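The file coords_24.cif comes next; it holds mmCIF, C-alpha atoms.
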data_upload
#
loop_
_atom_site.label_atom_id
_atom_site.label_comp_id
_atom_site.auth_asym_id
_atom_site.auth_seq_id
_atom_site.Cartn_x
_atom_site.Cartn_y
_atom_site.Cartn_z
CA MET A 1 139.26 243.79 -249.94
CA THR A 2 141.81 243.26 -247.19
CA SER A 3 145.09 241.71 -248.33
CA LYS A 4 145.28 238.04 -247.40
CA TYR A 5 148.98 237.49 -248.04
CA PRO A 6 151.06 240.55 -247.12
CA ARG A 7 154.80 239.90 -247.15
CA ARG A 8 155.36 240.30 -243.42
CA LYS A 9 152.43 238.01 -242.69
CA PHE A 10 153.79 235.41 -245.13
CA ILE A 11 157.10 235.25 -243.26
CA ARG A 12 155.43 235.43 -239.85
CA ASP A 13 153.04 232.60 -240.66
CA VAL A 14 155.68 230.21 -241.94
CA SER A 15 157.95 230.98 -238.99
CA ALA A 16 155.11 230.48 -236.52
CA SER A 17 154.23 227.21 -238.21
CA ALA A 18 157.74 225.92 -237.68
CA LEU A 19 157.73 226.94 -234.02
CA ALA A 20 154.26 225.55 -233.36
CA MET A 21 155.00 222.16 -234.87
CA GLY A 22 158.50 221.89 -233.52
CA SER A 23 161.86 222.54 -235.08
CA ILE A 24 162.30 221.15 -238.56
CA SER A 25 165.49 219.52 -237.33
CA SER A 26 163.46 217.33 -234.97
CA PHE A 27 161.52 215.56 -237.72
CA SER A 28 161.64 211.79 -237.71
CA SER A 29 163.62 210.16 -240.51
CA CYS A 30 161.76 208.16 -243.14
CA GLY A 31 163.14 205.49 -245.45
CA LEU A 32 166.93 205.64 -245.68
CA SER A 33 169.02 206.37 -242.62
CA GLU A 34 170.76 209.72 -242.32
CA HIS A 35 174.05 207.99 -243.07
CA GLU A 36 172.64 206.44 -246.24
CA LYS A 37 171.19 209.77 -247.39
CA THR A 38 174.52 211.46 -246.84
CA GLN A 39 176.21 208.71 -248.83
CA LYS A 40 173.79 209.33 -251.71
CA MET A 41 174.68 213.02 -251.68
CA ASN A 42 178.38 212.19 -251.63
CA GLU A 43 177.91 209.95 -254.67
CA GLN A 44 176.38 212.87 -256.59
CA LYS A 45 179.26 215.11 -255.58
CA ALA A 46 181.77 212.48 -256.64
CA LYS A 47 180.24 212.59 -260.13
CA GLY A 48 181.01 216.30 -260.28
CA LYS A 49 177.42 217.44 -259.98
CA TYR A 50 176.39 220.69 -258.30
CA GLY A 51 173.93 220.58 -255.40
CA ILE A 52 170.87 222.82 -255.61
CA ALA A 53 168.74 223.98 -252.69
CA LEU A 54 165.18 225.06 -253.50
CA VAL A 55 163.89 227.98 -251.43
CA GLY A 56 160.10 227.85 -251.28
CA LEU A 57 158.27 224.58 -251.90
CA GLY A 58 155.15 225.84 -253.66
CA LYS A 59 153.54 224.53 -256.83
CA TYR A 60 156.42 225.34 -259.15
CA SER A 61 159.06 223.70 -256.97
CA GLU A 62 156.88 220.69 -256.28
CA GLY A 63 155.44 220.20 -259.75
CA GLN A 64 158.34 221.25 -261.97
CA LEU A 65 161.73 221.92 -260.40
CA ALA A 66 162.02 218.94 -258.05
CA PRO A 67 160.97 216.44 -260.75
CA ALA A 68 163.33 218.14 -263.22
CA LEU A 69 166.19 217.68 -260.78
CA GLN A 70 165.65 213.94 -261.05
CA GLU A 71 166.53 214.25 -264.77
CA THR A 72 169.44 216.69 -264.65
CA GLN A 73 172.93 215.55 -265.61
CA GLN A 74 174.98 218.38 -264.08
CA CYS A 75 173.15 219.09 -260.81
CA TYR A 76 170.89 217.48 -258.23
CA LEU A 77 168.46 218.33 -255.45
CA ALA A 78 170.68 218.71 -252.41
CA GLY A 79 168.56 220.76 -249.98
CA ILE A 80 165.36 222.63 -249.27
CA VAL A 81 164.25 225.76 -247.42
CA THR A 82 160.67 225.89 -246.17
CA GLY A 83 158.69 227.36 -243.31
CA THR A 84 156.19 224.48 -243.34
CA PRO A 85 157.35 221.49 -241.25
CA SER A 86 154.94 219.06 -242.93
CA LYS A 87 156.45 219.90 -246.33
CA ALA A 88 159.96 219.42 -245.00
CA ASP A 89 159.01 215.98 -243.69
CA LYS A 90 157.42 214.98 -247.00
CA TRP A 91 160.32 216.18 -249.15
CA LYS A 92 162.88 214.68 -246.82
CA SER A 93 161.34 211.27 -247.32
CA LYS A 94 160.48 211.54 -251.02
CA TYR A 95 163.82 212.92 -252.19
CA ARG A 96 166.07 211.32 -249.56
CA ILE A 97 167.39 214.64 -248.31
CA PRO A 98 169.66 214.50 -245.23
CA GLN A 99 168.44 216.37 -242.18
CA LYS A 100 171.48 218.65 -242.27
CA ASN A 101 170.36 219.96 -245.69
CA ILE A 102 166.90 221.06 -244.54
CA TYR A 103 166.46 224.69 -243.50
CA ASP A 104 163.72 227.12 -242.59
CA TYR A 105 163.71 230.89 -243.12
CA ASN A 106 165.37 231.50 -239.75
CA THR A 107 168.26 229.11 -240.42
CA PHE A 108 168.60 229.99 -244.13
CA ASP A 109 171.91 231.82 -243.74
CA GLN A 110 173.55 228.71 -242.28
CA ILE A 111 173.66 227.28 -245.82
CA ARG A 112 177.03 229.03 -246.12
CA ASP A 113 178.53 226.20 -244.03
CA ASN A 114 177.05 223.37 -246.15
CA ASP A 115 179.40 222.03 -248.80
CA ASP A 116 176.63 219.88 -250.32
CA ILE A 117 174.91 223.01 -251.62
CA ASP A 118 176.47 224.98 -254.47
CA ILE A 119 173.43 226.76 -255.94
CA ILE A 120 170.44 228.36 -254.23
CA TYR A 121 167.25 228.62 -256.29
CA ILE A 122 164.83 231.30 -255.05
CA VAL A 123 161.21 230.26 -255.74
CA LEU A 124 159.35 232.68 -253.47
CA PRO A 125 156.68 235.36 -254.06
CA ASN A 126 158.05 238.15 -256.27
CA SER A 127 158.49 240.78 -253.56
CA MET A 128 160.68 238.39 -251.55
CA HIS A 129 163.16 237.72 -254.34
CA THR A 130 165.43 240.63 -253.52
CA GLU A 131 165.93 239.82 -249.86
CA TYR A 132 166.63 236.16 -250.44
CA VAL A 133 168.87 236.60 -253.48
CA ILE A 134 171.00 239.03 -251.47
CA ARG A 135 171.09 236.67 -248.50
CA ALA A 136 171.90 233.76 -250.80
CA ALA A 137 174.78 235.69 -252.37
CA ARG A 138 176.20 236.40 -248.93
CA THR A 139 176.43 232.66 -248.27
CA GLY A 140 178.88 232.42 -251.17
CA LYS A 141 176.57 230.18 -253.20
CA HIS A 142 175.59 230.79 -256.82
CA VAL A 143 171.99 231.93 -257.31
CA ILE A 144 169.04 231.29 -259.61
CA CYS A 145 166.03 233.57 -259.14
CA GLU A 146 162.59 232.89 -260.55
CA LYS A 147 161.03 235.48 -262.84
CA PRO A 148 160.19 238.27 -262.57
CA MET A 149 163.57 238.98 -261.05
CA ALA A 150 162.13 241.63 -258.72
CA VAL A 151 159.35 244.19 -258.39
CA THR A 152 161.49 247.26 -259.13
CA VAL A 153 164.57 248.06 -261.19
CA GLU A 154 166.28 249.36 -258.05
CA ASP A 155 165.82 245.97 -256.40
CA CYS A 156 167.33 244.29 -259.46
CA ASP A 157 170.36 246.54 -259.14
CA ARG A 158 170.79 245.56 -255.50
CA MET A 159 170.61 241.87 -256.38
CA ILE A 160 173.14 242.16 -259.20
CA GLU A 161 175.52 244.17 -257.03
CA ALA A 162 175.26 241.70 -254.13
CA CYS A 163 176.16 238.78 -256.39
CA LYS A 164 179.05 240.66 -257.98
CA LYS A 165 180.38 241.64 -254.57
CA ALA A 166 180.17 238.04 -253.37
CA GLY A 167 181.79 236.71 -256.55
CA VAL A 168 178.87 234.41 -257.39
CA MET A 169 176.85 233.95 -260.57
CA LEU A 170 173.25 235.11 -260.82
CA SER A 171 170.75 233.66 -263.28
CA VAL A 172 167.02 234.15 -263.84
CA GLY A 173 164.72 231.17 -264.43
CA TYR A 174 164.02 231.80 -268.11
CA ARG A 175 163.45 228.17 -269.10
CA LEU A 176 162.27 228.95 -272.64
CA HIS A 177 165.79 229.92 -273.68
CA PHE A 178 166.50 226.18 -273.52
CA GLU A 179 163.30 224.99 -275.25
CA PRO A 180 163.75 223.95 -278.93
CA TYR A 181 160.71 225.69 -280.42
CA ASN A 182 161.47 229.01 -278.76
CA VAL A 183 165.15 228.64 -279.68
CA GLU A 184 164.01 228.19 -283.29
CA MET A 185 162.02 231.43 -283.09
CA MET A 186 165.20 233.15 -281.90
CA ARG A 187 167.09 231.70 -284.87
CA ILE A 188 164.42 232.67 -287.38
CA GLY A 189 164.46 236.25 -286.10
CA LYS A 190 168.24 236.46 -286.03
CA GLU A 191 168.85 234.87 -289.44
CA LYS A 192 165.82 236.52 -291.04
CA ASP A 193 164.51 233.36 -292.71
CA PHE A 194 161.44 235.29 -293.83
CA GLY A 195 163.06 238.67 -294.24
CA ASP A 196 162.75 241.61 -291.89
CA ILE A 197 160.20 241.23 -289.07
CA LYS A 198 157.35 243.71 -289.43
CA THR A 199 155.05 242.87 -286.51
CA LEU A 200 154.85 240.52 -283.53
CA THR A 201 151.86 239.18 -281.62
CA ALA A 202 152.34 237.81 -278.10
CA ASP A 203 149.49 236.71 -275.82
CA ASN A 204 149.66 234.81 -272.54
CA GLY A 205 146.88 234.36 -270.02
CA MET A 206 145.26 231.83 -267.73
CA ALA A 207 141.70 231.55 -266.48
CA GLU A 208 142.35 230.55 -262.88
CA VAL A 209 144.66 232.07 -260.28
CA ASP A 210 144.70 232.29 -256.49
CA GLY A 211 146.95 232.85 -253.49
CA TRP A 212 149.69 235.45 -253.31
CA ARG A 213 149.46 236.27 -257.02
CA LEU A 214 146.30 238.24 -256.28
CA ASP A 215 148.11 240.44 -253.75
CA ARG A 216 149.99 243.45 -255.12
CA GLU A 217 152.32 243.64 -252.13
CA LEU A 218 153.65 240.15 -252.79
CA ALA A 219 153.28 239.95 -256.57
CA GLY A 220 154.14 243.52 -257.55
CA GLY A 221 151.21 243.55 -259.97
CA GLY A 222 148.85 241.19 -261.75
CA PRO A 223 149.16 238.90 -264.77
CA LEU A 224 151.74 241.15 -266.43
CA MET A 225 154.26 240.21 -263.72
CA ASP A 226 153.36 236.53 -263.87
CA VAL A 227 152.50 235.41 -267.41
CA GLY A 228 152.73 238.66 -269.38
CA ILE A 229 156.48 238.74 -268.84
CA TYR A 230 156.73 235.80 -271.26
CA CYS A 231 155.34 238.05 -273.99
CA VAL A 232 157.97 240.70 -273.26
CA GLN A 233 160.66 238.03 -273.30
CA GLY A 234 159.33 236.45 -276.49
CA CYS A 235 159.39 239.73 -278.38
CA ARG A 236 162.87 240.54 -277.12
CA TYR A 237 164.49 237.22 -277.95
CA THR A 238 162.72 236.80 -281.28
CA THR A 239 163.77 240.22 -282.59
CA GLY A 240 167.07 240.39 -280.73
CA LEU A 241 166.13 244.01 -280.07
CA GLU A 242 165.00 246.13 -277.15
CA PRO A 243 161.70 248.07 -277.16
CA ILE A 244 162.07 251.83 -277.29
CA ALA A 245 158.54 252.82 -276.22
CA VAL A 246 155.26 251.34 -274.97
CA THR A 247 151.58 252.17 -274.69
CA ALA A 248 149.12 250.13 -272.62
CA GLN A 249 145.46 249.77 -271.70
CA GLU A 250 143.97 247.98 -268.69
CA SER A 251 141.14 245.55 -269.44
CA SER A 252 137.80 245.96 -267.70
CA LYS A 253 137.38 243.85 -264.55
CA THR A 254 134.82 241.07 -264.49
CA ASP A 255 135.44 240.54 -260.76
CA PRO A 256 136.42 243.83 -259.07
CA GLU A 257 136.52 242.23 -255.63
CA LYS A 258 138.88 239.43 -256.61
CA PHE A 259 141.11 241.78 -258.57
CA ASN A 260 140.92 244.59 -256.07
CA SER A 261 144.64 245.39 -255.91
CA ILE A 262 145.83 244.19 -259.33
CA GLU A 263 144.83 244.35 -262.97
CA GLU A 264 142.74 241.45 -264.25
CA GLY A 265 144.21 241.87 -267.69
CA LEU A 266 145.83 244.37 -270.02
CA THR A 267 146.95 244.90 -273.57
CA TRP A 268 150.06 246.78 -274.57
CA GLN A 269 152.02 247.77 -277.62
CA MET A 270 155.80 247.87 -277.92
CA GLU A 271 157.77 249.84 -280.47
CA PHE A 272 161.12 248.41 -281.55
CA PRO A 273 163.86 249.85 -283.78
CA ASN A 274 163.41 249.55 -287.56
CA GLY A 275 159.68 250.23 -287.25
CA ILE A 276 158.88 246.83 -285.73
CA LYS A 277 155.75 246.81 -283.58
CA ALA A 278 154.44 244.23 -281.12
CA ALA A 279 150.83 243.78 -279.95
CA CYS A 280 150.66 241.96 -276.64
CA SER A 281 148.04 240.93 -274.09
CA THR A 282 147.83 239.11 -270.78
CA SER A 283 145.01 238.03 -268.49
CA TYR A 284 144.05 236.23 -265.30
CA SER A 285 140.61 235.36 -266.69
CA LYS A 286 141.31 234.20 -270.25
CA GLU A 287 143.40 231.36 -271.67
CA MET A 288 145.92 232.61 -274.24
CA ASN A 289 149.28 231.25 -275.42
CA LEU A 290 150.76 232.65 -278.62
CA LEU A 291 154.01 234.05 -280.03
CA ARG A 292 153.92 235.06 -283.70
CA ILE A 293 156.06 237.04 -286.10
CA ASP A 294 154.95 238.40 -289.46
CA ALA A 295 157.85 239.24 -291.72
CA ALA A 296 158.38 240.56 -295.23
CA LYS A 297 158.40 237.10 -296.84
CA GLY A 298 156.46 234.88 -294.43
CA TRP A 299 155.51 234.17 -290.85
CA ALA A 300 156.22 231.88 -287.91
CA GLU A 301 154.27 231.17 -284.74
CA LEU A 302 154.22 229.07 -281.60
CA SER A 303 150.88 228.05 -280.10
CA PRO A 304 151.09 227.13 -277.32
CA ALA A 305 154.31 229.04 -276.92
CA TYR A 306 155.05 229.23 -273.20
CA GLU A 307 153.80 226.00 -271.60
CA TYR A 308 156.00 223.57 -269.68
CA THR A 309 155.37 220.96 -272.36
CA GLY A 310 153.34 220.47 -275.53
CA ILE A 311 154.71 223.52 -277.35
CA LYS A 312 153.90 223.51 -281.08
CA GLY A 313 155.12 225.64 -283.94
CA LYS A 314 154.55 226.28 -287.61
CA THR A 315 155.68 228.67 -290.30
CA SER A 316 154.48 229.79 -293.70
CA GLN A 317 156.63 226.93 -295.04
CA GLY A 318 155.21 224.19 -292.81
CA ASP A 319 155.19 222.71 -289.34
CA MET A 320 158.15 222.89 -286.97
CA LYS A 321 159.26 219.51 -285.67
CA PHE A 322 161.35 219.42 -282.52
CA PRO A 323 161.42 217.09 -279.50
CA GLN A 324 159.62 217.94 -276.29
CA VAL A 325 162.20 218.43 -273.54
CA ASN A 326 162.29 219.07 -269.82
CA GLN A 327 162.86 222.81 -269.98
CA GLN A 328 163.70 223.22 -266.30
CA ALA A 329 166.24 220.39 -266.39
CA ARG A 330 167.98 221.96 -269.36
CA GLN A 331 167.89 225.38 -267.71
CA MET A 332 169.47 224.17 -264.46
CA ASP A 333 172.01 221.97 -266.23
CA ASP A 334 173.16 224.91 -268.34
CA PHE A 335 173.66 227.04 -265.25
CA ALA A 336 175.73 224.30 -263.63
CA LEU A 337 177.84 224.07 -266.79
CA ALA A 338 178.26 227.84 -266.86
CA ILE A 339 179.70 227.67 -263.34
CA ARG A 340 181.98 224.76 -264.22
CA GLN A 341 183.18 226.32 -267.47
CA ASN A 342 183.47 229.80 -265.96
CA ARG A 343 181.35 231.28 -268.74
CA PRO A 344 178.39 233.68 -268.59
CA THR A 345 174.89 232.28 -268.28
CA PRO A 346 172.69 233.16 -271.28
CA VAL A 347 169.97 234.31 -268.84
CA PRO A 348 171.79 236.63 -266.38
CA GLY A 349 170.49 239.08 -263.85
CA GLU A 350 170.92 241.90 -266.35
CA MET A 351 168.34 240.25 -268.60
CA GLY A 352 165.92 240.04 -265.68
CA ARG A 353 166.57 243.70 -264.87
CA GLN A 354 165.72 244.75 -268.43
CA ASP A 355 162.42 242.87 -268.27
CA VAL A 356 161.49 244.58 -265.01
CA LYS A 357 162.37 247.94 -266.55
CA ILE A 358 159.99 247.21 -269.43
CA LEU A 359 157.24 245.92 -267.09
CA ARG A 360 157.40 249.11 -265.02
CA ALA A 361 157.16 251.18 -268.22
CA ILE A 362 154.08 249.21 -269.29
CA TYR A 363 152.41 249.86 -265.93
CA GLU A 364 153.26 253.56 -266.19
CA ALA A 365 151.71 253.68 -269.66
CA MET A 366 148.63 251.83 -268.41
CA GLU A 367 148.15 254.18 -265.46
CA THR A 368 148.83 257.44 -267.32
CA GLY A 369 147.41 256.63 -270.74
CA GLU A 370 150.59 258.09 -272.22
CA ARG A 371 153.26 256.68 -274.52
CA VAL A 372 156.26 255.89 -272.37
CA GLU A 373 159.76 255.85 -273.80
CA ILE A 374 162.23 253.29 -272.50
CA GLY A 375 165.71 254.70 -272.10
#

Could I get this file's structure written as structure tokens?
Amino acid sequence: MTSKYPRRKFIRDVSASALAMGSISSFSSCGLSEHEKTQKMNEQKAKGKYGIALVGLGKYSEGQLAPALQETQQCYLAGIVTGTPSKADKWKSKYRIPQKNIYDYNTFDQIRDNDDIDIIYIVLPNSMHTEYVIRAARTGKHVICEKPMAVTVEDCDRMIEACKKAGVMLSVGYRLHFEPYNVEMMRIGKEKDFGDIKTLTADNGMAEVDGWRLDRELAGGGPLMDVGIYCVQGCRYTTGLEPIAVTAQESSKTDPEKFNSIEEGLTWQMEFPNGIKAACSTSYSKEMNLLRIDAAKGWAELSPAYEYTGIKGKTSQGDMKFPQVNQQARQMDDFALAIRQNRPTPVPGEMGRQDVKILRAIYEAMETGERVEIG
């Protein structure tokens, strides 16, 4: 099957779209005047909030991040970067964004001159993260990158180095570190409420997927890179430990044409210190959503564990009871506070790098059939 969404074509298409439909800067204003929109931005700044620019206006930005930025206390939606003029026009009107804060991929680097924007959030296909994080760092703005951080460990290193060189903070969009049920799993593992953890089970899959996620060049792999990474994260933050070795097996493909360049699903096993073992699985054709620990004196599990809302948990002692929160709002607010307080983010680039290192080891184990040690 010929790739539908190669990286170069992705950039070429969005750039051509902008040229064909006219410069984004020529769009007609809707609703408030440009002066009124600028005043609104100035009011946010006066409150001490940090302005965020979203780069890539796909489903996650549209359905989760932009709405979350209407609830944040420490930051606000200040700008957008898109190669689709119709999206720019829609967002400009809906979120009252001044024309001067709207960019395309050709004008992206001009963000360095915009004082309204303090943080750039990269929400592009996986293989594009590295380029745009590095470019974002060079503008002098702080950076959030969606997971997975990159496709290779070497790319992660380049991103981390670019941000350090520019003197800006780098964070990865690990929203579940700010979600009460997952935070409770971290606490249970750390404080050993049920004794030493013996085994973990982590499953995450979805039955429908399309677009660039089916293209290895853009995604870097299949469901492991997209939803399976939550299982890796869950096992890491619940145990507080790093896996020392992995084995993995690719699932059989029900649709070889659709999943021509990526795995449809896979299962893998992670070995942790102290004899702890994790059994994990991910899929693009099966709904799964579980994080469970079995310990010496009891158990705890989340199901669903990784959704944007509706997470539920229980233990061998009874149900967990925590409020449902806007995970993305909490995530972005914490990053803004980290900048203000000059403290590390709990989800730094180094954490994203470690996940990518583990993902690459899982793929190596899947392809070779061998046990792969993680140094």

Name the residues in contact with region 112-127 of chain A at a cut-off of 9 Å, using all atoms listed in the file, excluding same-chain residues fewer than 5 positions from it; report them as a PDB file with C-alpha atoms, keeping the file's coordinate frame.
ATOM      1  CA  ARG A   7     154.800 239.900-247.150  1.00  0.00           C
ATOM      2  CA  MET A  41     174.680 213.020-251.680  1.00  0.00           C
ATOM      3  CA  ASN A  42     178.380 212.190-251.630  1.00  0.00           C
ATOM      4  CA  LYS A  45     179.260 215.110-255.580  1.00  0.00           C
ATOM      5  CA  TYR A  50     176.390 220.690-258.300  1.00  0.00           C
ATOM      6  CA  GLY A  51     173.930 220.580-255.400  1.00  0.00           C
ATOM      7  CA  ILE A  52     170.870 222.820-255.610  1.00  0.00           C
ATOM      8  CA  ALA A  53     168.740 223.980-252.690  1.00  0.00           C
ATOM      9  CA  LEU A  54     165.180 225.060-253.500  1.00  0.00           C
ATOM     10  CA  VAL A  55     163.890 227.980-251.430  1.00  0.00           C
ATOM     11  CA  GLY A  56     160.100 227.850-251.280  1.00  0.00           C
ATOM     12  CA  LEU A  57     158.270 224.580-251.900  1.00  0.00           C
ATOM     13  CA  GLY A  58     155.150 225.840-253.660  1.00  0.00           C
ATOM     14  CA  TYR A  60     156.420 225.340-259.150  1.00  0.00           C
ATOM     15  CA  SER A  61     159.060 223.700-256.970  1.00  0.00           C
ATOM     16  CA  LEU A  77     168.460 218.330-255.450  1.00  0.00           C
ATOM     17  CA  ALA A  78     170.680 218.710-252.410  1.00  0.00           C
ATOM     18  CA  GLY A  79     168.560 220.760-249.980  1.00  0.00           C
ATOM     19  CA  LYS A 100     171.480 218.650-242.270  1.00  0.00           C
ATOM     20  CA  ASN A 101     170.360 219.960-245.690  1.00  0.00           C
ATOM     21  CA  TYR A 132     166.630 236.160-250.440  1.00  0.00           C
ATOM     22  CA  VAL A 133     168.870 236.600-253.480  1.00  0.00           C
ATOM     23  CA  ALA A 136     171.900 233.760-250.800  1.00  0.00           C
ATOM     24  CA  ALA A 137     174.780 235.690-252.370  1.00  0.00           C
ATOM     25  CA  ARG A 138     176.200 236.400-248.930  1.00  0.00           C
ATOM     26  CA  THR A 139     176.430 232.660-248.270  1.00  0.00           C
ATOM     27  CA  GLY A 140     178.880 232.420-251.170  1.00  0.00           C
ATOM     28  CA  LYS A 141     176.570 230.180-253.200  1.00  0.00           C
ATOM     29  CA  HIS A 142     175.590 230.790-256.820  1.00  0.00           C
ATOM     30  CA  VAL A 143     171.990 231.930-257.310  1.00  0.00           C
ATOM     31  CA  ILE A 144     169.040 231.290-259.610  1.00  0.00           C
ATOM     32  CA  CYS A 145     166.030 233.570-259.140  1.00  0.00           C
ATOM     33  CA  GLU A 146     162.590 232.890-260.550  1.00  0.00           C
ATOM     34  CA  LYS A 147     161.030 235.480-262.840  1.00  0.00           C
ATOM     35  CA  PRO A 148     160.190 238.270-262.570  1.00  0.00           C
ATOM     36  CA  MET A 149     163.570 238.980-261.050  1.00  0.00           C
ATOM     37  CA  ALA A 150     162.130 241.630-258.720  1.00  0.00           C
ATOM     38  CA  VAL A 151     159.350 244.190-258.390  1.00  0.00           C
ATOM     39  CA  GLY A 173     164.720 231.170-264.430  1.00  0.00           C
ATOM     40  CA  TRP A 212     149.690 235.450-253.310  1.00  0.00           C
ATOM     41  CA  ARG A 213     149.460 236.270-257.020  1.00  0.00           C
ATOM     42  CA  GLU A 217     152.320 243.640-252.130  1.00  0.00           C
ATOM     43  CA  LEU A 218     153.650 240.150-252.790  1.00  0.00           C
ATOM     44  CA  ALA A 219     153.280 239.950-256.570  1.00  0.00           C
ATOM     45  CA  GLY A 220     154.140 243.520-257.550  1.00  0.00           C
ATOM     46  CA  MET A 225     154.260 240.210-263.720  1.00  0.00           C
ATOM     47  CA  ALA A 336     175.730 224.300-263.630  1.00  0.00           C
TER      48      ALA A 336
END

Q) Which residues come within 9 Å of region 176-179 of chain A, counting all atoms listed in the file, excluding same-chain residues fewer than 5 positions away, as a list of chain:residue names? A) A:Glu184, A:Met186, A:Tyr230, A:Gly234, A:Tyr237, A:Tyr306, A:Tyr308, A:Ile311, A:Gln324, A:Val325, A:Asn326, A:Gln327, A:Gln328, A:Arg330, A:Gln331, A:Asp334, A:Pro346, A:Val347

Q | Near-region 355-360 of chain A list (8 Å; all atoms listed in the file; drop same-chain fewer than 2 positions) as an MDAnalysis selection string | A | chainID A and resid 148:153 224:225 229 232:233 243 351:353 362:364 374

Export of prior selection with C-alpha atoms as a short mmCIF file (atom, residue, chain, number, x, y, z; two decimals), in the frame of the given file:
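Output below, filename result-v2.cif:
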data_model
loop_
_atom_site.label_atom_id
_atom_site.label_comp_id
_atom_site.auth_asym_id
_atom_site.auth_seq_id
_atom_site.Cartn_x
_atom_site.Cartn_y
_atom_site.Cartn_z
CA PRO A 148 160.19 238.27 -262.57
CA MET A 149 163.57 238.98 -261.05
CA ALA A 150 162.13 241.63 -258.72
CA VAL A 151 159.35 244.19 -258.39
CA THR A 152 161.49 247.26 -259.13
CA VAL A 153 164.57 248.06 -261.19
CA LEU A 224 151.74 241.15 -266.43
CA MET A 225 154.26 240.21 -263.72
CA ILE A 229 156.48 238.74 -268.84
CA VAL A 232 157.97 240.70 -273.26
CA GLN A 233 160.66 238.03 -273.30
CA PRO A 243 161.70 248.07 -277.16
CA MET A 351 168.34 240.25 -268.60
CA GLY A 352 165.92 240.04 -265.68
CA ARG A 353 166.57 243.70 -264.87
CA ILE A 362 154.08 249.21 -269.29
CA TYR A 363 152.41 249.86 -265.93
CA GLU A 364 153.26 253.56 -266.19
CA ILE A 374 162.23 253.29 -272.50
#

Q.
Just checking: using all atoms listed in the file, which residue out of A:Gly240, A:Gly369, A:Gly265, A:Pro85 ends up closest to Met206 (chain A)?
A. A:Gly265

Q: Quick one: everything within 8 Å of region 268-270 of chain A, counting only C-alpha atoms, minus sequence neighbours fewer than 6 positions away in the same chain. Send it as a ChimeraX atom specification.
A: /A:243-249,277-281,362

Those residues you just picked out, can you put them in a file as a compact mmCIF listing (two decimals), in the frame of the given file with C-alpha atoms?
# COMPACT_ATOMS: atom_id res chain seq x y z
CA PRO A 243 161.70 248.07 -277.16
CA ILE A 244 162.07 251.83 -277.29
CA ALA A 245 158.54 252.82 -276.22
CA VAL A 246 155.26 251.34 -274.97
CA THR A 247 151.58 252.17 -274.69
CA ALA A 248 149.12 250.13 -272.62
CA GLN A 249 145.46 249.77 -271.70
CA LYS A 277 155.75 246.81 -283.58
CA ALA A 278 154.44 244.23 -281.12
CA ALA A 279 150.83 243.78 -279.95
CA CYS A 280 150.66 241.96 -276.64
CA SER A 281 148.04 240.93 -274.09
CA ILE A 362 154.08 249.21 -269.29

Could you list as a tab-separated table (two decimals) with C-alpha atoms, in the coordinates of the input every residue that has an atom within 10 Å of (162.4, 230.7, -285.7), using the file's coordinates and counting only C-alpha atoms?
chain	number	residue	atom	x	y	z
A	180	PRO	CA	163.75	223.95	-278.93
A	181	TYR	CA	160.71	225.69	-280.42
A	182	ASN	CA	161.47	229.01	-278.76
A	183	VAL	CA	165.15	228.64	-279.68
A	184	GLU	CA	164.01	228.19	-283.29
A	185	MET	CA	162.02	231.43	-283.09
A	186	MET	CA	165.20	233.15	-281.90
A	187	ARG	CA	167.09	231.70	-284.87
A	188	ILE	CA	164.42	232.67	-287.38
A	189	GLY	CA	164.46	236.25	-286.10
A	190	LYS	CA	168.24	236.46	-286.03
A	191	GLU	CA	168.85	234.87	-289.44
A	192	LYS	CA	165.82	236.52	-291.04
A	193	ASP	CA	164.51	233.36	-292.71
A	194	PHE	CA	161.44	235.29	-293.83
A	238	THR	CA	162.72	236.80	-281.28
A	292	ARG	CA	153.92	235.06	-283.70
A	293	ILE	CA	156.06	237.04	-286.10
A	299	TRP	CA	155.51	234.17	-290.85
A	300	ALA	CA	156.22	231.88	-287.91
A	301	GLU	CA	154.27	231.17	-284.74
A	302	LEU	CA	154.22	229.07	-281.60
A	313	GLY	CA	155.12	225.64	-283.94
A	314	LYS	CA	154.55	226.28	-287.61
A	315	THR	CA	155.68	228.67	-290.30
A	320	MET	CA	158.15	222.89	-286.97

Q. Taking the file as shown, what set of residues would the PyMOL selection byres ((chain A and resi 74) around 10) give back, as a PyMOL selection string?
A. chain A and resi 44+47-51+69+71-73+75-76+329-330+332-337+340

Q: Enumerate, as an MDAnalysis selection string, the residues matched when the PyMOL selection byres ((chain A and resi 259) around 12) is run on the file above.
A: chainID A and resid 1:3 209:216 221:223 251:258 260:265 283:285

**Q.** Exercise: Ala295 (chain A) partners within 6 Å, only C-alpha atoms, chain neighbours under 3 positions left out, as a ChimeraX atom specification
**A.** /A:194-198,298-299

Q. In Å to one decimal, how far is CA of Arg135 (chain A) from CA of Cys156 (chain A)?
A.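 Here the two named atoms are 13.9 Å from each other.
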
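Separating CA of Ser171 (chain A) from CA of Met128 (chain A) is a distance of 16.2 Å.
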
Q.
Can you measure CA of Arg175 (chain A) to CA of Gln64 (chain A) for me? One decimal in Å is fine.
A.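 Calculated distance between CA of Arg175 (chain A) and CA of Gln64 (chain A) is 11.2 Å.
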
Q: Could you please give me, as a list of chain:residue names, the residues of protein, DNA or RNA lying at most 8 Å from (158.7, 225.1, -245.0) in the coordinate frame of the file, considering only C-alpha atoms?
A: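 Looking at atoms near the point gives A:Val14, A:Ala18, A:Gly56, A:Leu57, A:Val81, A:Thr82, A:Gly83, A:Thr84, A:Pro85, A:Ser86, A:Lys87, A:Ala88, A:Tyr103, A:Asp104, A:Tyr105.
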